[in-house]
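**Q** Just so it is clear, I am handing over my_file18.cif, which has mmCIF, C-alpha atoms and all ligand atoms.
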```cif
data_upload
loop_
_atom_site.group_PDB
_atom_site.id
_atom_site.type_symbol
_atom_site.label_atom_id
_atom_site.label_comp_id
_atom_site.auth_asym_id
_atom_site.auth_seq_id
_atom_site.Cartn_x
_atom_site.Cartn_y
_atom_site.Cartn_z
ATOM 1 C CA MET A 1 173.378 60.890 150.685
ATOM 2 C CA PRO A 2 172.667 57.392 152.095
ATOM 3 C CA LYS A 3 175.418 54.854 151.576
ATOM 4 C CA THR A 4 173.425 52.646 149.194
ATOM 5 C CA SER A 5 172.676 55.502 146.783
ATOM 6 C CA ASN A 6 176.342 56.527 146.912
ATOM 7 C CA LYS A 7 177.272 53.019 145.884
ATOM 8 C CA ALA A 8 174.670 52.907 143.120
ATOM 9 C CA HIS A 9 175.938 56.284 141.886
ATOM 10 C CA ILE A 10 179.577 55.213 141.583
ATOM 11 C CA LEU A 11 178.620 51.918 139.891
ATOM 12 C CA ARG A 12 176.472 53.721 137.341
ATOM 13 C CA LYS A 13 179.027 56.486 136.799
ATOM 14 C CA VAL A 14 181.922 54.090 136.117
ATOM 15 C CA GLU A 15 179.906 51.735 133.901
ATOM 16 C CA ASN A 16 178.441 54.605 131.853
ATOM 17 C CA ASN A 17 181.890 56.140 131.513
ATOM 18 C CA VAL A 18 183.339 52.848 130.160
ATOM 19 C CA SER A 19 180.414 52.391 127.807
ATOM 20 C CA ASN A 20 180.771 55.962 126.464
ATOM 21 C CA THR A 21 184.547 55.633 126.024
ATOM 22 C CA ILE A 22 184.103 52.411 124.032
ATOM 23 C CA ARG A 23 181.496 54.074 121.813
ATOM 24 C CA LYS A 24 183.272 57.408 121.358
ATOM 25 C CA PHE A 25 186.648 55.919 120.441
ATOM 26 C CA LYS A 26 185.245 52.773 118.753
ATOM 27 C CA LEU A 27 187.389 50.597 121.046
ATOM 28 C CA LEU A 28 185.506 47.311 120.805
ATOM 29 C CA ARG A 29 182.794 45.494 118.896
ATOM 30 C CA LYS A 30 180.639 42.740 120.345
ATOM 31 C CA GLN A 31 181.630 40.188 117.688
ATOM 32 C CA GLU A 32 185.367 40.646 118.302
ATOM 33 C CA LYS A 33 187.487 38.278 120.367
ATOM 34 C CA ILE A 34 188.504 40.379 123.352
ATOM 35 C CA LEU A 35 191.316 39.490 125.703
ATOM 36 C CA VAL A 36 191.740 41.420 128.951
ATOM 37 C CA ALA A 37 195.277 41.603 130.359
ATOM 38 C CA CYS A 38 194.691 40.946 134.051
ATOM 39 C CA SER A 39 197.071 41.442 136.931
ATOM 40 C CA GLY A 40 194.637 40.413 139.645
ATOM 41 C CA GLY A 41 194.492 44.072 140.730
ATOM 42 C CA LYS A 42 191.509 46.426 140.911
ATOM 43 C CA ASP A 43 191.858 48.095 137.489
ATOM 44 C CA SER A 44 192.041 45.085 135.199
ATOM 45 C CA THR A 45 189.493 43.182 137.314
ATOM 46 C CA ALA A 46 187.071 46.120 136.994
ATOM 47 C CA ALA A 47 187.682 46.301 133.224
ATOM 48 C CA LEU A 48 187.064 42.555 132.881
ATOM 49 C CA TYR A 49 183.910 42.686 134.978
ATOM 50 C CA ILE A 50 182.410 45.693 133.183
ATOM 51 C CA LEU A 51 183.125 44.330 129.693
ATOM 52 C CA ASN A 52 181.512 41.058 130.701
ATOM 53 C CA LYS A 53 178.514 42.930 132.091
ATOM 54 C CA LEU A 54 178.224 44.997 128.897
ATOM 55 C CA GLY A 55 178.048 41.771 126.846
ATOM 56 C CA TYR A 56 181.515 41.711 125.232
ATOM 57 C CA SER A 57 182.261 38.082 126.309
ATOM 58 C CA PRO A 58 185.888 38.811 127.232
ATOM 59 C CA HIS A 59 188.571 36.227 127.938
ATOM 60 C CA ALA A 60 191.272 36.926 130.517
ATOM 61 C CA ILE A 61 195.036 36.520 130.248
ATOM 62 C CA THR A 62 197.566 36.978 133.020
ATOM 63 C CA VAL A 63 201.363 36.933 133.190
ATOM 64 C CA ASP A 64 202.962 35.362 136.254
ATOM 65 C CA ALA A 65 206.245 37.237 136.767
ATOM 66 C CA ALA A 66 206.880 35.240 139.970
ATOM 67 C CA ILE A 67 207.221 38.239 142.313
ATOM 68 C CA GLY A 68 206.929 36.136 145.494
ATOM 69 C CA ASN A 69 203.737 36.307 147.544
ATOM 70 C CA TYR A 70 202.529 39.347 145.630
ATOM 71 C CA THR A 71 202.122 37.293 142.455
ATOM 72 C CA LYS A 72 200.805 34.251 144.332
ATOM 73 C CA GLN A 73 198.017 36.310 145.898
ATOM 74 C CA ASN A 74 197.138 38.102 142.649
ATOM 75 C CA LEU A 75 197.076 34.845 140.735
ATOM 76 C CA LYS A 76 194.783 33.315 143.324
ATOM 77 C CA ASN A 77 192.515 36.366 143.143
ATOM 78 C CA ILE A 78 192.190 36.420 139.369
ATOM 79 C CA LYS A 79 191.533 32.663 139.266
ATOM 80 C CA THR A 80 188.787 33.064 141.882
ATOM 81 C CA PHE A 81 187.264 36.006 140.016
ATOM 82 C CA CYS A 82 187.271 34.240 136.637
ATOM 83 C CA LYS A 83 185.775 31.098 138.160
ATOM 84 C CA GLN A 84 183.023 33.113 139.899
ATOM 85 C CA ASN A 85 182.200 34.943 136.669
ATOM 86 C CA LYS A 86 182.711 31.979 134.304
ATOM 87 C CA ILE A 87 185.376 33.810 132.288
ATOM 88 C CA PRO A 88 188.086 31.720 130.526
ATOM 89 C CA LEU A 89 191.573 32.524 131.851
ATOM 90 C CA LYS A 90 194.967 31.879 130.251
ATOM 91 C CA VAL A 91 198.014 31.966 132.546
ATOM 92 C CA ILE A 92 201.503 32.461 131.114
ATOM 93 C CA SER A 93 204.650 32.657 133.171
ATOM 94 C CA PHE A 94 208.109 34.231 133.082
ATOM 95 C CA ARG A 95 209.647 31.019 134.420
ATOM 96 C CA GLU A 96 208.110 28.870 131.675
ATOM 97 C CA GLU A 97 208.765 31.380 128.895
ATOM 98 C CA PHE A 98 212.176 32.744 129.883
ATOM 99 C CA GLY A 99 213.415 30.246 132.491
ATOM 100 C CA TYR A 100 213.599 32.774 135.353
ATOM 101 C CA SER A 101 211.478 34.822 137.729
ATOM 102 C CA LEU A 102 211.585 38.632 137.373
ATOM 103 C CA CYS A 103 213.741 39.029 140.502
ATOM 104 C CA TYR A 104 216.241 36.412 139.317
ATOM 105 C CA LEU A 105 216.424 38.005 135.861
ATOM 106 C CA LYS A 106 217.159 41.346 137.502
ATOM 107 C CA SER A 107 219.945 39.883 139.645
ATOM 108 C CA LEU A 108 221.517 38.148 136.622
ATOM 109 C CA LEU A 109 221.501 41.456 134.742
ATOM 110 C CA LYS A 110 223.033 43.207 137.752
ATOM 111 C CA GLN A 111 225.844 40.628 137.850
ATOM 112 C CA ASN A 112 226.550 41.610 134.250
ATOM 113 C CA LYS A 113 226.582 45.292 135.253
ATOM 114 C CA ILE A 114 223.250 46.038 133.548
ATOM 115 C CA HIS A 115 221.209 48.146 135.926
ATOM 116 C CA LEU A 116 217.581 48.121 134.843
ATOM 117 C CA THR A 117 214.657 48.662 137.214
ATOM 118 C CA SER A 118 212.298 45.755 137.865
ATOM 119 C CA CYS A 119 209.515 47.743 136.194
ATOM 120 C CA THR A 120 211.529 48.257 133.000
ATOM 121 C CA ILE A 121 212.322 44.541 132.695
ATOM 122 C CA CYS A 122 208.823 43.509 133.742
ATOM 123 C CA GLY A 123 207.138 46.003 131.384
ATOM 124 C CA VAL A 124 209.149 44.963 128.330
ATOM 125 C CA LEU A 125 208.817 41.196 128.900
ATOM 126 C CA ARG A 126 205.179 41.382 129.914
ATOM 127 C CA ARG A 127 204.198 43.428 126.814
ATOM 128 C CA TYR A 128 206.115 40.970 124.634
ATOM 129 C CA LEU A 129 204.298 37.923 126.073
ATOM 130 C CA LEU A 130 200.889 39.555 126.045
ATOM 131 C CA ASN A 131 201.176 40.491 122.388
ATOM 132 C CA LYS A 132 202.562 37.092 121.375
ATOM 133 C CA TYR A 133 199.814 35.175 123.188
ATOM 134 C CA ALA A 134 197.039 37.560 122.170
ATOM 135 C CA ARG A 135 198.028 36.812 118.574
ATOM 136 C CA LYS A 136 198.276 33.066 119.223
ATOM 137 C CA LEU A 137 194.822 33.126 120.805
ATOM 138 C CA LYS A 138 193.541 35.045 117.753
ATOM 139 C CA ALA A 139 192.376 38.014 119.802
ATOM 140 C CA ASP A 140 191.176 41.073 117.882
ATOM 141 C CA LYS A 141 191.802 43.420 120.811
ATOM 142 C CA LEU A 142 193.884 43.361 123.956
ATOM 143 C CA VAL A 143 192.310 45.381 126.766
ATOM 144 C CA THR A 144 194.417 46.876 129.541
ATOM 145 C CA GLY A 145 193.193 48.361 132.817
ATOM 146 C CA HIS A 146 195.055 51.687 132.635
ATOM 147 C CA ASN A 147 193.082 54.433 134.326
ATOM 148 C CA LEU A 148 193.138 58.226 133.913
ATOM 149 C CA ASP A 149 195.816 58.749 136.566
ATOM 150 C CA ASP A 150 198.123 56.110 135.003
ATOM 151 C CA GLU A 151 197.686 57.803 131.647
ATOM 152 C CA ALA A 152 198.322 61.338 132.948
ATOM 153 C CA GLN A 153 201.541 60.061 134.576
ATOM 154 C CA SER A 154 202.654 58.527 131.264
ATOM 155 C CA VAL A 155 201.969 61.788 129.401
ATOM 156 C CA VAL A 156 204.059 63.781 131.888
ATOM 157 C CA MET A 157 206.863 61.180 131.903
ATOM 158 C CA ASN A 158 207.152 61.215 128.118
ATOM 159 C CA LEU A 159 206.984 65.009 128.003
ATOM 160 C CA LEU A 160 209.690 65.462 130.627
ATOM 161 C CA LYS A 161 211.900 62.989 128.773
ATOM 162 C CA ASN A 162 211.043 64.662 125.458
ATOM 163 C CA ASN A 163 209.986 61.259 124.154
ATOM 164 C CA LEU A 164 207.419 62.490 121.673
ATOM 165 C CA GLU A 165 207.311 59.287 119.663
ATOM 166 C CA LEU A 166 206.293 57.323 122.754
ATOM 167 C CA LEU A 167 203.830 60.078 123.637
ATOM 168 C CA ALA A 168 202.274 59.749 120.174
ATOM 169 C CA ARG A 169 201.572 56.061 120.875
ATOM 170 C CA GLN A 170 199.445 56.824 123.932
ATOM 171 C CA GLY A 171 195.684 57.255 124.072
ATOM 172 C CA PRO A 172 192.574 55.092 124.507
ATOM 173 C CA ILE A 173 193.830 53.156 121.452
ATOM 174 C CA THR A 174 197.570 52.677 121.629
ATOM 175 C CA GLY A 175 200.015 52.716 118.739
ATOM 176 C CA ILE A 176 200.459 54.847 115.654
ATOM 177 C CA SER A 177 199.775 52.509 112.780
ATOM 178 C CA LYS A 178 198.406 48.997 112.344
ATOM 179 C CA ASP A 179 200.784 46.043 112.226
ATOM 180 C CA LYS A 180 199.695 42.496 111.349
ATOM 181 C CA LYS A 181 201.784 41.137 114.238
ATOM 182 C CA PHE A 182 200.636 43.647 116.795
ATOM 183 C CA VAL A 183 197.293 43.095 118.521
ATOM 184 C CA GLN A 184 195.531 46.416 119.005
ATOM 185 C CA ARG A 185 195.536 47.549 122.636
ATOM 186 C CA VAL A 186 192.637 49.522 124.051
ATOM 187 C CA LYS A 187 191.938 51.174 127.403
ATOM 188 C CA PRO A 188 188.247 51.389 128.345
ATOM 189 C CA LEU A 189 189.070 52.863 131.806
ATOM 190 C CA TYR A 190 190.895 55.782 130.143
ATOM 191 C CA PHE A 191 188.632 58.452 131.695
ATOM 192 C CA ILE A 192 188.150 56.862 135.120
ATOM 193 C CA THR A 193 190.301 58.079 137.995
ATOM 194 C CA GLU A 194 192.211 55.783 140.343
ATOM 195 C CA GLN A 195 189.879 56.749 143.207
ATOM 196 C CA GLU A 196 186.799 55.897 141.155
ATOM 197 C CA VAL A 197 188.223 52.457 140.325
ATOM 198 C CA ILE A 198 188.970 51.842 144.014
ATOM 199 C CA GLN A 199 185.423 52.860 144.964
ATOM 200 C CA TYR A 200 183.956 50.663 142.214
ATOM 201 C CA SER A 201 186.095 47.664 143.142
ATOM 202 C CA LYS A 202 185.271 47.987 146.846
ATOM 203 C CA ALA A 203 181.574 48.456 146.150
ATOM 204 C CA LYS A 204 181.626 45.283 144.086
ATOM 205 C CA LYS A 205 183.728 43.464 146.694
ATOM 206 C CA PHE A 206 186.098 42.157 144.048
ATOM 207 C CA PRO A 207 188.611 39.599 145.364
ATOM 208 C CA VAL A 208 191.587 41.914 144.797
ATOM 209 C CA SER A 209 194.527 43.113 146.859
ATOM 210 C CA TYR A 210 195.142 46.864 147.199
ATOM 211 C CA ILE A 211 198.784 46.373 148.210
ATOM 212 C CA PRO A 212 201.176 47.746 145.572
ATOM 213 C CA CYS A 213 203.820 45.579 143.944
ATOM 214 C CA PRO A 214 206.918 45.387 146.212
ATOM 215 C CA CYS A 215 209.163 46.054 143.194
ATOM 216 C CA ARG A 216 207.535 49.426 142.560
ATOM 217 C CA VAL A 217 209.987 51.439 144.624
ATOM 218 C CA GLY A 218 212.106 54.377 143.537
ATOM 219 C CA VAL A 219 210.788 54.222 139.972
ATOM 220 C CA TYR A 220 210.312 57.363 137.928
ATOM 221 C CA ARG A 221 206.559 56.795 137.616
ATOM 222 C CA CYS A 222 206.190 56.847 141.421
ATOM 223 C CA MET A 223 207.967 60.189 141.628
ATOM 224 C CA ILE A 224 205.691 61.659 138.953
ATOM 225 C CA ASN A 225 202.688 60.191 140.734
ATOM 226 C CA GLU A 226 203.711 61.905 143.993
ATOM 227 C CA GLN A 227 204.092 65.239 142.203
ATOM 228 C CA LEU A 228 200.751 64.954 140.436
ATOM 229 C CA THR A 229 199.042 64.015 143.702
ATOM 230 C CA LYS A 230 200.458 67.207 145.276
ATOM 231 C CA HIS A 231 199.238 69.284 142.319
ATOM 232 C CA GLU A 232 195.850 67.605 142.471
ATOM 233 C CA LYS A 233 195.470 68.835 146.077
ATOM 234 C CA LEU A 234 196.182 72.427 145.028
ATOM 235 C CA SER A 235 194.316 72.222 141.788
ATOM 236 C CA PRO A 236 191.784 69.402 141.459
ATOM 237 C CA GLU A 237 191.357 68.051 137.902
ATOM 238 C CA THR A 238 195.110 68.347 137.191
ATOM 239 C CA SER A 239 195.254 64.830 135.731
ATOM 240 C CA LYS A 240 192.007 65.346 133.805
ATOM 241 C CA ASN A 241 193.427 68.538 132.303
ATOM 242 C CA ILE A 242 196.649 66.772 131.297
ATOM 243 C CA ILE A 243 194.590 64.150 129.455
ATOM 244 C CA LYS A 244 192.400 66.844 127.837
ATOM 245 C CA TRP A 245 195.503 68.640 126.578
ATOM 246 C CA PHE A 246 197.067 65.383 125.366
ATOM 247 C CA LEU A 247 193.956 64.374 123.413
ATOM 248 C CA SER A 248 193.878 67.789 121.734
ATOM 249 C CA VAL A 249 197.415 67.322 120.329
ATOM 250 C CA SER A 250 197.315 63.542 119.880
ATOM 251 C CA PRO A 251 196.046 63.464 116.231
ATOM 252 C CA LYS A 252 198.883 65.779 115.122
ATOM 253 C CA LEU A 253 201.454 63.757 117.022
ATOM 254 C CA LYS A 254 200.216 60.497 115.498
ATOM 255 C CA THR A 255 200.369 61.977 111.993
ATOM 256 C CA LYS A 256 203.878 63.312 112.560
ATOM 257 C CA PHE A 257 205.294 59.957 113.631
ATOM 258 C CA LYS A 258 203.213 57.788 111.320
ATOM 259 C CA SER A 259 205.002 58.987 108.196
ATOM 260 C CA SER A 260 208.427 58.014 109.524
ATOM 261 C CA LYS A 261 207.241 54.694 110.951
ATOM 262 C CA GLN A 262 208.291 51.478 109.254
ATOM 263 C CA GLN A 263 207.125 48.019 110.302
ATOM 264 C CA ASN A 264 210.079 46.039 111.618
ATOM 265 C CA TYR A 265 210.435 42.590 113.087
ATOM 266 C CA CYS A 266 213.094 41.251 115.419
ATOM 267 C CA LYS A 267 215.938 39.485 113.612
ATOM 268 C CA ASN A 268 216.004 36.953 116.408
ATOM 269 C CA CYS A 269 212.396 36.092 117.327
ATOM 270 C CA ASN A 270 210.455 37.758 114.500
ATOM 271 C CA GLU A 271 208.177 39.642 116.902
ATOM 272 C CA PRO A 272 207.519 43.379 116.300
ATOM 273 C CA ALA A 273 210.616 45.487 117.006
ATOM 274 C CA LYS A 274 211.594 49.131 116.583
ATOM 275 C CA LYS A 275 214.613 48.041 114.589
ATOM 276 C CA GLY A 276 217.098 45.156 114.576
ATOM 277 C CA VAL A 277 216.572 43.070 117.680
ATOM 278 C CA CYS A 278 213.536 43.532 119.950
ATOM 279 C CA MET A 279 213.917 44.780 123.537
ATOM 280 C CA THR A 280 213.048 41.371 124.984
ATOM 281 C CA CYS A 281 215.766 39.593 122.990
ATOM 282 C CA GLN A 282 218.196 42.391 123.927
ATOM 283 C CA ILE A 283 217.472 41.896 127.630
ATOM 284 C CA LEU A 284 217.679 38.097 127.426
ATOM 285 C CA ALA A 285 220.955 38.297 125.486
ATOM 286 C CA LYS A 286 222.491 40.312 128.310
ATOM 287 C CA ILE A 287 222.060 37.515 130.853
ATOM 288 C CA LYS A 288 223.850 34.950 128.705
HETATM 289 S S1 LIG B 301 205.066 47.462 139.552
HETATM 290 FE FE1 LIG B 301 206.720 47.110 138.110
HETATM 291 S S2 LIG B 301 207.608 45.131 138.678
HETATM 292 FE FE2 LIG B 301 205.625 45.276 139.717
HETATM 293 S S3 LIG B 301 204.201 44.244 138.330
HETATM 294 FE FE3 LIG B 301 204.152 46.433 137.797
HETATM 295 S S4 LIG B 301 205.672 46.691 136.161
HETATM 296 FE FE4 LIG B 301 206.040 44.684 137.159
HETATM 297 ZN ZN ZN B 302 213.139 39.395 119.658
#
```
Could you spell out this file's structure in structure tokens?
Ligand code: SF4
Ligand SMILES: [Zn+2]
**A**
Amino acid sequence: MPKTSNKAHILRKVENNVSNTIRKFKLLRKQEKILVACSGGKDSTAALYILNKLGYSPHAITVDAAIGNYTKQNLKNIKTFCKQNKIPLKVISFREEFGYSLCYLKSLLKQNKIHLTSCTICGVLRRYLLNKYARKLKADKLVTGHNLDDEAQSVVMNLLKNNLELLARQGPITGISKDKKFVQRVKPLYFITEQEVIQYSKAKKFPVSYIPCPCRVGVYRCMINEQLTKHEKLSPETSKNIIKWFLSVSPKLKTKFKSSKQQNYCKNCNEPAKKGVCMTCQILAKIK
């Protein structure tokens, strides 16, 4: 097949897939205020671009965790992309919100004998800020760029850790029940593989870096990713089959955990929390 028709094929395939996922799972409506959580990487940039192309008028939001040159480059890329595509962008930062960069936070925790991976700290604090600002900005939905491979990894991780409650929260629409303080998160790239996103992003020449975050070393997700990649070579569609299985049990899982779920807010900051004090306040308390 000539190169140009290959390119046209992948563009059409990815865009149709996103459009179908939105329709099938009722992820978004045109009149809603949609915020896309952008990292400056290929996935969230593709999600932002496609939603804009499909007429959803998305806004972008990014969290600067101050991970050296990695963040500087990603920030530059997302600013360039939003300017080129006339998309409003909100930048929030760890330093302004918490007083420290991610790396400094990690070293302060280590001094206090708390050994958390960068990804754990980053994930908790980033989710906290995204939800808080999505609410402040009156967003109806918060879109993330998770793709099929990310999601299959999360399913396996939660299964292997027997964390069924976390597993129940996964899916194209995250969460179990609605909460007035929790902005609904949706994943329009849910059925698109990592390779398809790379092909799409390269075909579109997005200003993105394909270099992984330097803090993503030795984390559990990477180990699962390596294993799934090996399986995929022996048995293509492994990740797709994991997602198919997960979606077949997801309604039952959601029902099971919905009944025992109570809405709780952090005693300290009043943001959503499992119980007592939220994870962000727990982490910040440990560096004091
Ligand atoms: S790889 Fe980990 S540390 Fe790096 S941005 Fe992602 S969650 Fe944060
Ligand atoms: Zn809190």
**Q** When the PyMOL selection byres (((chain A and resi 241-243) around 12) and not hetatm) is applied to the structure above, which residues does it catch, written out as a ChimeraX atom specification?
**A** /A:147-157,159,167,170-172,190-193,228,231-232,235-240,244-250
**Q** Step by step, measure atom-to-atom distances between ligand LIG 301 (chain B) and each residue using only C-alpha atoms and all ligand atoms, keep those at most 7 Å, then write them as a PDB file with C-alpha atoms, in the frame of the given file.
**A**
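The new file pocket.pdb reads:
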```pdb
ATOM      1  CA  SER A 118     212.298  45.755 137.865  1.00  0.00           C
ATOM      2  CA  CYS A 119     209.515  47.743 136.194  1.00  0.00           C
ATOM      3  CA  THR A 120     211.529  48.257 133.000  1.00  0.00           C
ATOM      4  CA  CYS A 122     208.823  43.509 133.742  1.00  0.00           C
ATOM      5  CA  GLY A 123     207.138  46.003 131.384  1.00  0.00           C
ATOM      6  CA  CYS A 213     203.820  45.579 143.944  1.00  0.00           C
ATOM      7  CA  PRO A 214     206.918  45.387 146.212  1.00  0.00           C
ATOM      8  CA  CYS A 215     209.163  46.054 143.194  1.00  0.00           C
ATOM      9  CA  ARG A 216     207.535  49.426 142.560  1.00  0.00           C
TER      10      ARG A 216
END
```
**Q** Can you tell me which residues sit at most 7 Å away from ligand ZN 302 (chain B), counting all atoms listed in the file, written as a ChimeraX atom specification?
**A** /A:266-271,277-281
**Q** What box, with edges along x, y and z, holds each listed atom of segment 240-252 of chain A when 3 Å is added on every side, and can you state its centre and edge lengths in Å to one decimal, as lines of an AutoDock Vina configuration file?
**A**
```
center_x = 195.4
center_y = 66.1
center_z = 124.5
size_x = 12.9
size_y = 11.2
size_z = 24.7
```
**Q** Taking the file as shown, find all residues satisfying the PyMOL selection byres (((chain A and resi 85-95) around 7) and not hetatm) and write them as a ChimeraX atom specification.
**A** /A:59-65,81-84,96-101
**Q** Extract, using only C-alpha atoms, all DNA, RNA and protein residues at most 10 Å from Lys256 of chain A, discarding same-chain residues fewer than 5 positions from it, and format them as a PyMOL selection string.
**A** chain A and resi 164-165+168+176+250-251+261
**Q** Just to confirm, what's the straight-line distance from atom CA of Ile283 of chain A to atom CA of Asn131 of chain A in Å (one decimal)?
**A**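 These two atoms are separated by 17.2 Å.
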**Q** Which residues match the PyMOL selection byres (((chain A and resi 45) around 9) and not hetatm) in the file above, as a ChimeraX atom specification?
**A** /A:36,38-44,46-50,78,81,145,201,206-208
**Q** With distances taken over all atoms listed in the file, which residue among A:Thr71, A:Asn17, A:Ser5, A:Thr80 lies nearest Cys103 of chain A?
**A**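 Ranked by minimum distance to Cys103 of chain A, first place goes to A:Thr71.
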**Q** Rounded to one decimal place, report the atom CA of Asn77 of chain A-atom CA of Ser209 of chain A distance in Å.
**A** 8.0 Å
**Q** What is the distance between atom CA of Lys187 of chain A and atom CA of His146 of chain A, in Å to one decimal?
**A**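 These atoms are spaced 6.1 Å apart.
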**Q** With all atoms listed in the file as the atoms that count, which of A:Lys138, A:Lys26, A:Arg127, A:Lys258 lies nearest to Pro188 of chain A?
**A**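 Residue with the minimum atom-to-atom distance to Pro188 of chain A: A:Lys26.
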**Q** I'd like to know which of A:Lys202, A:Lys141, A:Lys181, A:Arg169 is closest to Arg29 of chain A, using only C-alpha atoms.
**A**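 Of A:Lys202, A:Lys141, A:Lys181, A:Arg169, the one nearest Arg29 of chain A, counting only C-alpha atoms, is A:Lys141.
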**Q** Taking only C-alpha atoms into account, which of A:Asn163, A:Ser57, A:Asn74, A:Ser107 comes nearest Lys30 of chain A?
**A**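 Of A:Asn163, A:Ser57, A:Asn74, A:Ser107, the one nearest Lys30 of chain A, counting only C-alpha atoms, is A:Ser57.
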**Q** What's around Lys180 of chain A at 12 Å? Count only C-alpha atoms, leave out sequence neighbours fewer than 3 positions away in its own chain, and write the answer as a VMD selection string.
**A** chain A and resid 131 to 132 135 138 140 177 183 to 184 263 to 265 271 to 272
**Q** Can you tell me, as number ranges by chain, what residues are no more than 12 Å from Ile114 of chain A when counting all atoms listed in the file, ignoring any on the same chain fewer than 2 positions away?
**A** A: 105-112, 116-118, 120-121, 282-287
